[in-house]
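J.: So I've got this file, input_10.cif, and it contains mmCIF, C-alpha atoms and all ligand atoms:
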data_input
#
loop_
_atom_site.label_atom_id
_atom_site.label_comp_id
_atom_site.auth_asym_id
_atom_site.auth_seq_id
_atom_site.Cartn_x
_atom_site.Cartn_y
_atom_site.Cartn_z
CA MET O 1171 84.72 105.93 98.57
CA GLY O 1172 87.93 107.51 99.95
CA GLN O 1173 91.16 105.64 99.50
CA ASN O 1174 91.40 104.43 103.06
CA SER O 1175 87.76 104.63 103.99
CA PRO O 1176 86.33 101.89 106.23
CA ASP O 1177 84.96 100.21 103.10
CA GLN O 1178 88.39 100.20 101.49
CA LEU O 1179 90.03 98.86 104.66
CA GLN O 1180 87.36 96.15 104.79
CA ILE O 1181 88.30 95.08 101.27
CA PHE O 1182 91.98 94.90 102.24
CA LEU O 1183 91.02 92.95 105.36
CA ASP O 1184 88.96 90.46 103.39
CA ILE O 1185 91.71 89.83 100.84
CA ALA O 1186 94.29 89.51 103.64
CA THR O 1187 91.99 86.94 105.23
CA GLU O 1188 91.69 84.97 101.99
CA ALA O 1189 95.48 84.97 101.70
CA ALA O 1190 96.08 83.99 105.35
CA LEU O 1191 93.60 81.11 105.07
CA ALA O 1192 95.37 79.92 101.90
CA GLY O 1193 98.77 80.09 103.62
CA GLY O 1194 97.42 78.31 106.68
CA ALA O 1195 95.95 75.53 104.54
CA ILE O 1196 99.42 74.82 103.15
CA LEU O 1197 100.85 74.72 106.69
CA GLN O 1198 98.20 72.19 107.65
CA LYS O 1199 98.96 70.10 104.58
CA TYR O 1200 102.69 69.80 105.38
CA TRP O 1201 102.31 69.50 109.18
CA GLY O 1202 104.33 66.47 110.28
CA LYS O 1203 105.36 65.69 106.68
CA LEU O 1204 108.38 67.93 106.11
CA GLU O 1205 111.13 66.61 103.88
CA ALA O 1206 113.39 69.66 103.54
CA VAL O 1207 114.31 71.56 106.72
CA GLN O 1208 117.30 73.84 106.06
CA GLU O 1209 119.21 76.52 107.98
CA LYS O 1210 119.03 79.93 106.27
CA GLY O 1211 122.15 81.48 107.71
CA ARG O 1212 122.33 81.77 111.46
CA PRO O 1213 122.19 78.52 113.42
CA GLY O 1214 118.58 77.65 114.19
CA ASP O 1215 117.09 80.01 111.58
CA LEU O 1216 115.16 77.40 109.62
CA VAL O 1217 113.26 77.36 106.37
CA THR O 1218 111.11 74.50 105.09
CA GLU O 1219 109.12 73.69 101.99
CA ALA O 1220 106.02 74.73 103.96
CA ASP O 1221 107.38 78.30 104.35
CA LYS O 1222 107.97 78.53 100.60
CA TYR O 1223 104.72 76.97 99.40
CA ALA O 1224 102.66 78.96 101.90
CA GLU O 1225 104.38 82.16 100.79
CA ASN O 1226 103.65 81.37 97.13
CA ALA O 1227 99.97 80.85 97.95
CA VAL O 1228 99.77 84.15 99.85
CA LEU O 1229 101.67 86.09 97.18
CA GLU O 1230 99.49 84.79 94.38
CA ILE O 1231 96.39 86.24 96.05
CA ILE O 1232 97.89 89.58 97.11
CA LYS O 1233 99.52 90.18 93.71
CA ARG O 1234 96.37 89.25 91.82
CA HIS O 1235 94.21 91.71 93.78
CA PHE O 1236 96.77 94.49 94.25
CA PRO O 1237 99.32 94.37 91.43
CA GLN O 1238 100.40 97.98 92.10
CA HIS O 1239 101.19 97.44 95.77
CA SER O 1240 104.60 96.77 97.28
CA ILE O 1241 105.30 93.54 99.18
CA LEU O 1242 107.85 92.57 101.82
CA ALA O 1243 107.70 88.80 102.25
CA GLU O 1244 110.08 86.86 104.48
CA GLU O 1245 111.24 84.31 101.91
CA SER O 1246 111.03 86.48 98.75
CA GLY O 1247 112.10 89.88 100.09
CA GLN O 1248 110.92 93.14 98.54
CA LEU O 1249 108.61 92.78 95.53
CA GLY O 1250 106.62 95.16 93.36
CA ASP O 1251 106.67 98.93 93.17
CA ASN O 1252 108.55 100.12 96.23
CA SER O 1253 107.27 103.67 95.77
CA SER O 1254 103.72 102.49 96.50
CA GLU O 1255 102.12 103.83 99.69
CA TYR O 1256 100.85 100.28 100.32
CA LEU O 1257 103.22 97.67 101.70
CA TRP O 1258 102.13 94.12 102.50
CA ALA O 1259 104.32 92.55 105.21
CA ILE O 1260 103.99 88.78 104.92
CA ASP O 1261 105.25 85.99 107.14
CA PRO O 1262 103.91 82.77 105.58
CA LEU O 1263 105.01 80.69 108.55
CA ASP O 1264 105.72 82.52 111.77
CA GLY O 1265 107.09 79.96 114.22
CA THR O 1266 109.12 77.84 111.81
CA THR O 1267 111.19 76.27 114.59
CA ASN O 1268 108.03 75.19 116.40
CA TYR O 1269 106.56 73.87 113.16
CA ALA O 1270 109.65 71.86 112.28
CA HIS O 1271 109.53 70.25 115.75
CA GLN O 1272 105.76 69.73 115.57
CA TYR O 1273 105.24 72.08 118.51
CA PRO O 1274 101.84 73.55 117.63
CA PHE O 1275 102.39 77.32 117.87
CA PHE O 1276 102.66 78.90 114.44
CA ALA O 1277 100.65 81.08 112.10
CA THR O 1278 100.45 82.82 108.77
CA SER O 1279 100.71 86.56 109.41
CA ILE O 1280 99.73 89.25 106.92
CA GLY O 1281 99.87 92.96 107.64
CA LEU O 1282 99.24 95.98 105.43
CA LEU O 1283 101.12 99.21 106.08
CA ILE O 1284 99.74 102.36 104.48
CA ASN O 1285 102.34 105.13 104.30
CA GLY O 1286 104.38 103.16 106.82
CA VAL O 1287 101.57 102.72 109.36
CA PRO O 1288 100.12 99.25 110.04
CA LYS O 1289 96.40 99.46 109.23
CA VAL O 1290 95.26 95.89 108.52
CA GLY O 1291 96.31 92.65 110.18
CA VAL O 1292 95.36 88.99 109.90
CA VAL O 1293 96.97 86.17 111.89
CA PHE O 1294 95.71 82.66 111.15
CA ASP O 1295 96.70 79.81 113.46
CA PRO O 1296 95.52 76.76 111.53
CA PHE O 1297 96.36 74.17 114.19
CA HIS O 1298 93.93 75.75 116.67
CA ASN O 1299 91.69 77.06 113.88
CA GLU O 1300 91.93 80.61 115.20
CA LEU O 1301 91.56 83.50 112.80
CA PHE O 1302 92.51 86.90 114.22
CA ARG O 1303 91.57 89.96 112.15
CA ALA O 1304 91.74 93.71 112.61
CA ALA O 1305 91.77 96.95 110.67
CA THR O 1306 92.15 100.47 111.99
CA GLY O 1307 88.78 101.74 113.16
CA LEU O 1308 87.04 98.42 112.45
CA GLY O 1309 87.91 96.59 115.69
CA ALA O 1310 89.61 93.25 116.29
CA THR O 1311 88.07 89.80 116.16
CA ARG O 1312 88.87 86.16 116.84
CA ASN O 1313 86.86 83.80 114.63
CA ARG O 1314 84.65 86.80 113.78
CA GLN O 1315 83.82 87.60 117.43
CA PRO O 1316 85.08 90.90 118.94
CA ILE O 1317 88.09 90.63 121.23
CA GLN O 1318 89.59 92.89 123.87
CA VAL O 1319 92.81 93.06 125.81
CA SER O 1320 92.90 92.00 129.48
CA GLN O 1321 92.33 94.36 132.40
CA THR O 1322 95.29 93.23 134.50
CA SER O 1323 96.69 96.41 135.97
CA SER O 1324 99.81 95.36 137.87
CA LEU O 1325 102.96 93.61 136.76
CA SER O 1326 102.79 91.31 139.80
CA LYS O 1327 99.49 89.87 138.50
CA SER O 1328 100.49 89.79 134.86
CA LEU O 1329 101.41 86.99 132.46
CA LEU O 1330 103.83 88.16 129.79
CA VAL O 1331 105.45 86.75 126.68
CA THR O 1332 108.69 87.47 124.86
CA GLY O 1333 111.13 85.86 122.43
CA PHE O 1334 114.80 85.63 121.51
CA ALA O 1335 116.04 86.48 118.04
CA TYR O 1336 118.34 84.24 115.99
CA ASP O 1337 121.32 86.56 116.68
CA ARG O 1338 121.09 85.83 120.40
CA ARG O 1339 124.46 84.05 120.52
CA GLU O 1340 126.20 87.00 118.84
CA THR O 1341 125.09 89.91 120.99
CA ALA O 1342 124.89 90.83 124.65
CA ASP O 1343 121.65 92.63 123.73
CA ASN O 1344 119.92 89.25 123.60
CA ASN O 1345 116.97 89.82 125.95
CA TYR O 1346 118.19 87.29 128.53
CA ALA O 1347 118.55 89.92 131.30
CA GLU O 1348 115.10 91.35 130.59
CA PHE O 1349 113.59 87.83 130.65
CA CYS O 1350 115.12 87.03 134.07
CA HIS O 1351 114.18 90.40 135.54
CA LEU O 1352 110.54 90.20 134.46
CA THR O 1353 110.19 86.53 135.35
CA HIS O 1354 110.98 87.63 138.90
CA LEU O 1355 108.38 90.43 138.95
CA THR O 1356 105.39 88.78 137.27
CA GLN O 1357 103.31 85.60 137.29
CA GLY O 1358 105.46 84.39 134.44
CA VAL O 1359 107.04 85.12 131.10
CA ARG O 1360 106.18 82.70 128.28
CA ARG O 1361 108.20 82.12 125.11
CA SER O 1362 105.87 80.66 122.52
CA GLY O 1363 108.18 81.03 119.49
CA ALA O 1364 105.77 82.87 117.19
CA ALA O 1365 105.66 86.66 117.51
CA SER O 1366 102.41 87.04 115.57
CA VAL O 1367 100.66 84.55 117.84
CA ASP O 1368 102.08 86.33 120.91
CA LEU O 1369 100.55 89.60 119.72
CA ALA O 1370 97.24 87.92 118.88
CA HIS O 1371 97.15 86.46 122.39
CA VAL O 1372 97.76 89.89 123.93
CA ALA O 1373 94.93 91.20 121.75
CA CYS O 1374 92.45 88.61 123.03
CA GLY O 1375 93.48 88.97 126.67
CA ARG O 1376 95.23 85.63 127.23
CA LEU O 1377 98.47 87.50 127.85
CA ASP O 1378 98.88 90.96 129.36
CA GLY O 1379 102.02 92.16 127.60
CA TYR O 1380 104.74 91.33 125.08
CA TRP O 1381 108.13 92.76 124.33
CA GLU O 1382 110.88 91.61 121.99
CA ARG O 1383 113.88 92.83 119.99
CA GLY O 1384 115.42 91.66 116.72
CA LEU O 1385 112.11 91.33 114.89
CA SER O 1386 111.27 92.00 111.25
CA PRO O 1387 108.24 93.94 109.99
CA TRP O 1388 106.59 90.72 108.76
CA ASP O 1389 106.68 89.28 112.31
CA ILE O 1390 104.70 92.12 113.87
CA ALA O 1391 102.83 94.24 111.28
CA ALA O 1392 99.57 92.27 111.60
CA GLY O 1393 99.79 91.80 115.37
CA ILE O 1394 100.29 95.52 115.98
CA VAL O 1395 96.89 96.27 114.46
CA LEU O 1396 95.28 93.42 116.44
CA VAL O 1397 96.55 94.77 119.76
CA GLN O 1398 95.71 98.39 119.00
CA GLU O 1399 92.20 97.59 117.81
CA ALA O 1400 91.59 95.39 120.88
CA GLY O 1401 92.33 98.35 123.16
CA GLY O 1402 96.03 97.76 123.77
CA THR O 1403 99.05 100.00 123.33
CA VAL O 1404 102.02 99.40 121.04
CA THR O 1405 105.19 101.54 121.24
CA ALA O 1406 108.95 101.38 121.44
CA TYR O 1407 110.35 100.25 124.82
CA ASP O 1408 110.51 103.90 125.99
CA ARG O 1409 106.87 104.55 125.01
CA SER O 1410 107.86 106.67 122.02
CA PRO O 1411 106.07 105.86 118.74
CA LEU O 1412 106.94 102.44 117.36
CA VAL O 1413 109.42 102.33 114.50
CA ILE O 1414 108.58 99.04 112.82
CA HIS O 1415 112.05 98.66 111.24
CA SER O 1416 113.77 99.03 114.64
CA GLY O 1417 112.83 95.42 115.40
CA ARG O 1418 111.95 96.38 118.97
CA ILE O 1419 108.37 96.40 120.26
CA LEU O 1420 106.41 96.79 123.48
CA ALA O 1421 102.75 95.75 123.24
CA THR O 1422 100.45 95.58 126.25
CA ASN O 1423 96.87 95.76 127.47
CA SER O 1424 97.58 99.51 128.10
CA TYR O 1425 97.17 99.14 131.90
CA ILE O 1426 100.69 97.74 132.48
CA HIS O 1427 102.35 99.67 129.66
CA GLU O 1428 104.10 102.29 131.75
CA SER O 1429 105.34 99.88 134.41
CA LEU O 1430 106.60 97.31 131.88
CA SER O 1431 108.32 100.09 129.92
CA ASP O 1432 109.99 101.38 133.10
CA GLU O 1433 111.32 97.90 133.91
CA LEU O 1434 112.67 97.39 130.38
CA LEU O 1435 114.42 100.76 130.46
CA GLN O 1436 116.00 99.86 133.78
CA ILE O 1437 117.61 96.83 132.12
CA SER O 1438 118.54 98.38 128.80
CA PRO O 1439 118.53 102.16 129.25
CA LEU O 1440 120.36 102.84 126.00
CA LYS O 1441 118.42 100.48 123.77
CA VAL O 1442 114.88 101.66 123.32
C1 LIG D 1501 110.42 84.06 114.65
C2 LIG D 1501 109.32 83.94 115.66
C3 LIG D 1501 109.87 84.02 117.07
C4 LIG D 1501 110.72 85.24 117.30
C5 LIG D 1501 111.81 85.35 116.23
C6 LIG D 1501 111.17 85.34 114.85
P1 LIG D 1501 110.10 82.77 112.30
O1 LIG D 1501 109.90 84.04 113.33
O2 LIG D 1501 108.36 84.98 115.50
O3 LIG D 1501 108.85 84.03 118.04
O4 LIG D 1501 111.29 85.17 118.59
O5 LIG D 1501 112.53 86.54 116.44
O6 LIG D 1501 112.18 85.47 113.87
O7 LIG D 1501 111.55 82.70 111.95
O8 LIG D 1501 109.60 81.58 112.98
O9 LIG D 1501 109.24 83.22 111.14
CA CA D 1502 108.50 85.30 111.85
CA CA D 1503 108.70 82.92 108.99
#
Can you present the structure in this file as structure tokens?

T.:
Amino acid sequence: MGQNSPDQLQIFLDIATEAALAGGAILQKYWGKLEAVQEKGRPGDLVTEADKYAENAVLEIIKRHFPQHSILAEESGQLGDNSSEYLWAIDPLDGTTNYAHQYPFFATSIGLLINGVPKVGVVFDPFHNELFRAATGLGATRNRQPIQVSQTSSLSKSLLVTGFAYDRRETADNNYAEFCHLTHLTQGVRRSGAASVDLAHVACGRLDGYWERGLSPWDIAAGIVLVQEAGGTVTAYDRSPLVIHSGRILATNSYIHESLSDELLQISPLKV
């Protein structure tokens, strides 16, 4: 069995699933029962006991199965051997603001990068009991059924989603202009507040495209694989290959990729 053979990827996918289900179970347990909601730094950037306990549950499983791998987890930072070709990007609670307000859009997101390339992704939304899974070459599923991106081929018929990073009050590059511009051209632009769920919803065809800036690898690593394996396209805003550490992503059903990219470049020509 080769190192990254389909069988090996399936093992990674199954362990990622076990970990995402464990994280999601913690989120369910603390839903509506939070006692410690704190700001991490920037106003509005929250952390709760659910983030921490869910991360511990995920880490315990990943470390137990893959002690040699490297980990980048939102609340714990970089862990393990950082020379490993395997990097687990973990967001135990994506959508913390929603969760703290009991607005039910949040997930546990677990991605595996191999030599810097996202290859395995699991997003578990415990409130809606939706488990999204994908691995390169193995397809994408929702609750174990295959999913595909939408076939919407024009921006005027599309429903998009985006988000606004916690530094939005500190920079003019805050995505407000892009949001207004695309709201005008499309059937709407949603802001759900959970990047991993946004990508999962593009993957299963509920939304036609997603763009955002100011993201971290743990927000998007899993969702990238979901969209790609469901037939979508994921790049930088200018359609060049995605650089996951750039924080900037364009993910679509493929059909509207070029036109959405062109509109984004029109707004922010220097920031791709
Ligand atoms: C946030 C969410 C949100 C996005 C922010 C992220 P968090 O993650 O994914 O949708 O707009 O940029 O930081 O803080 O809830 O894990
Ligand atoms: Ca996040
Ligand atoms: Ca988080």

J.: For chain O against ligand CA 1503 (chain D), with a cut-off of 8 Å and counting all atoms listed in the file, what is the closest atom pair and its distance in Å to one decimal for every residue that makes the cut, ordered by chain and number, as CSV?

T.:
residue,atom,partner,partner_atom,distance
O:Val1217,CA,D:CA1503,CA,7.7
O:Asp1221,CA,D:CA1503,CA,6.7
O:Glu1244,CA,D:CA1503,CA,6.1
O:Glu1245,CA,D:CA1503,CA,7.6
O:Asp1261,CA,D:CA1503,CA,5.0
O:Pro1262,CA,D:CA1503,CA,5.9
O:Leu1263,CA,D:CA1503,CA,4.3
O:Asp1264,CA,D:CA1503,CA,4.1
O:Gly1265,CA,D:CA1503,CA,6.2
O:Thr1266,CA,D:CA1503,CA,5.8
O:Asp1389,CA,D:CA1503,CA,7.5

J.: Kindly give the distance, in Å, that separates CA of Ala1220 (chain O) and atom O9 of ligand LIG 1501 (chain D), rounded to a single decimal.

T.: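 Going from CA of Ala1220 (chain O) over to atom O9 of ligand LIG 1501 (chain D) covers 11.6 Å.
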
J.: Taking the point (109.0, 91.0, 142.2) as given in the file, collect each protein or nucleic acid residue that comes within 12 Å of it, counting only C-alpha atoms, and present the set as a PyMOL selection string.

T.: chain O and resi 1324-1328+1350-1358+1433

J.: Could you tell me, counting all atoms listed in the file, which protein and nucleic acid residues lie no more than 8 Å from ligand LIG 1501 (chain D), written as a PyMOL selection string?

T.: chain O and resi 1215-1217+1244+1261-1268+1276+1332-1336+1361-1366+1368+1382-1386+1389

J.: Work out how far CA of Tyr1346 (chain O) is from CA of Asp1432 (chain O), in Å to one decimal.

T.: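 That distance, rounded to one decimal, is 16.9 Å.
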
J.: So the first atom is CA of Asp1343 (chain O) and the second is CA of Val1404 (chain O); what is the distance between them in Å, to one decimal place?

T.: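 Interatomic distance here is 20.9 Å.
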
J.: Please list as a list of chain:residue names every residue within 9 Å of region 1409-1421 of chain O, counting only C-alpha atoms and excluding residues in the same chain fewer than 6 positions away.

T.: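 Result of the neighbour search: O:Gly1286, O:Val1287, O:Pro1288, O:Leu1369, O:Val1372, O:Asp1378, O:Gly1379, O:Tyr1380, O:Trp1381, O:Glu1382, O:Arg1383, O:Gly1384, O:Leu1385, O:Ser1386, O:Pro1387, O:Ile1390, O:Ala1391, O:Ile1394, O:Val1397, O:Gln1398, O:Gly1402, O:Thr1403, O:His1427, O:Glu1428, O:Leu1430, O:Ser1431, O:Val1442.
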
J.: Considering only C-alpha atoms and all ligand atoms, state which residue in the set O:Glu1219, O:Ala1189, O:Val1367, O:Glu1399 is at the smallest distance from ligand CA 1502 (chain D).

T.: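 Checking each of O:Glu1219, O:Ala1189, O:Val1367, O:Glu1399 against ligand CA 1502 (chain D), counting only C-alpha atoms and all ligand atoms, the winner is O:Val1367.
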
J.: For region 1190-1200 of chain O, work out the shell of residues within 6 Å, counting all atoms listed in the file and skipping chain neighbours fewer than 6 positions away, then give it as a ChimeraX atom specification.

T.: /O:1220,1224,1227-1228,1278,1294,1296

J.: Closest to ligand CA 1502 (chain D) among O:Ser1279, O:Ser1254, O:Ser1429, O:Gln1436, using only C-alpha atoms and all ligand atoms?

T.: O:Ser1279

J.: Would you kindly return, as a list in words, each protein, DNA or RNA residue with an atom no farther than 12 Å from any atom of Gln1248 (chain O), considering only C-alpha atoms and excluding same-chain residues fewer than 6 positions away?

T.: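 Listing them by chain and then by number gives Leu1229, His1239, Ser1240, Ile1241, Leu1242, Ser1254, Leu1257, Trp1258, Ala1259, Ile1260, Pro1387 and Trp1388 of chain O.
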
J.: Write a file of the just-selected residues containing C-alpha atoms, as an mmCIF file, keeping the file's coordinate frame.

T.:
data_model
loop_
_atom_site.group_PDB
_atom_site.id
_atom_site.type_symbol
_atom_site.label_atom_id
_atom_site.label_comp_id
_atom_site.auth_asym_id
_atom_site.auth_seq_id
_atom_site.Cartn_x
_atom_site.Cartn_y
_atom_site.Cartn_z
ATOM 1 C CA LEU O 1229 101.670 86.090 97.180
ATOM 2 C CA HIS O 1239 101.190 97.440 95.770
ATOM 3 C CA SER O 1240 104.600 96.770 97.280
ATOM 4 C CA ILE O 1241 105.300 93.540 99.180
ATOM 5 C CA LEU O 1242 107.850 92.570 101.820
ATOM 6 C CA SER O 1254 103.720 102.490 96.500
ATOM 7 C CA LEU O 1257 103.220 97.670 101.700
ATOM 8 C CA TRP O 1258 102.130 94.120 102.500
ATOM 9 C CA ALA O 1259 104.320 92.550 105.210
ATOM 10 C CA ILE O 1260 103.990 88.780 104.920
ATOM 11 C CA PRO O 1387 108.240 93.940 109.990
ATOM 12 C CA TRP O 1388 106.590 90.720 108.760
#

J.: Given all atoms listed in the file as the basis, pick out the residue of O:Ala1243, O:Leu1435, O:Ile1181, O:Leu1204 nearest to ligand CA 1502 (chain D).

T.: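 Closest to ligand CA 1502 (chain D) of all the choices is O:Ala1243.
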
J.: Return the padded bounding box of region 1229-1232 of chain O as JSON: axis-aligned, built from all atoms listed in the file, 6 Å added on each side, with centre and edge lengths in Å to one decimal.

T.:
{"center_x": 99.0, "center_y": 87.2, "center_z": 95.8, "size_x": 17.3, "size_y": 16.8, "size_z": 14.8}
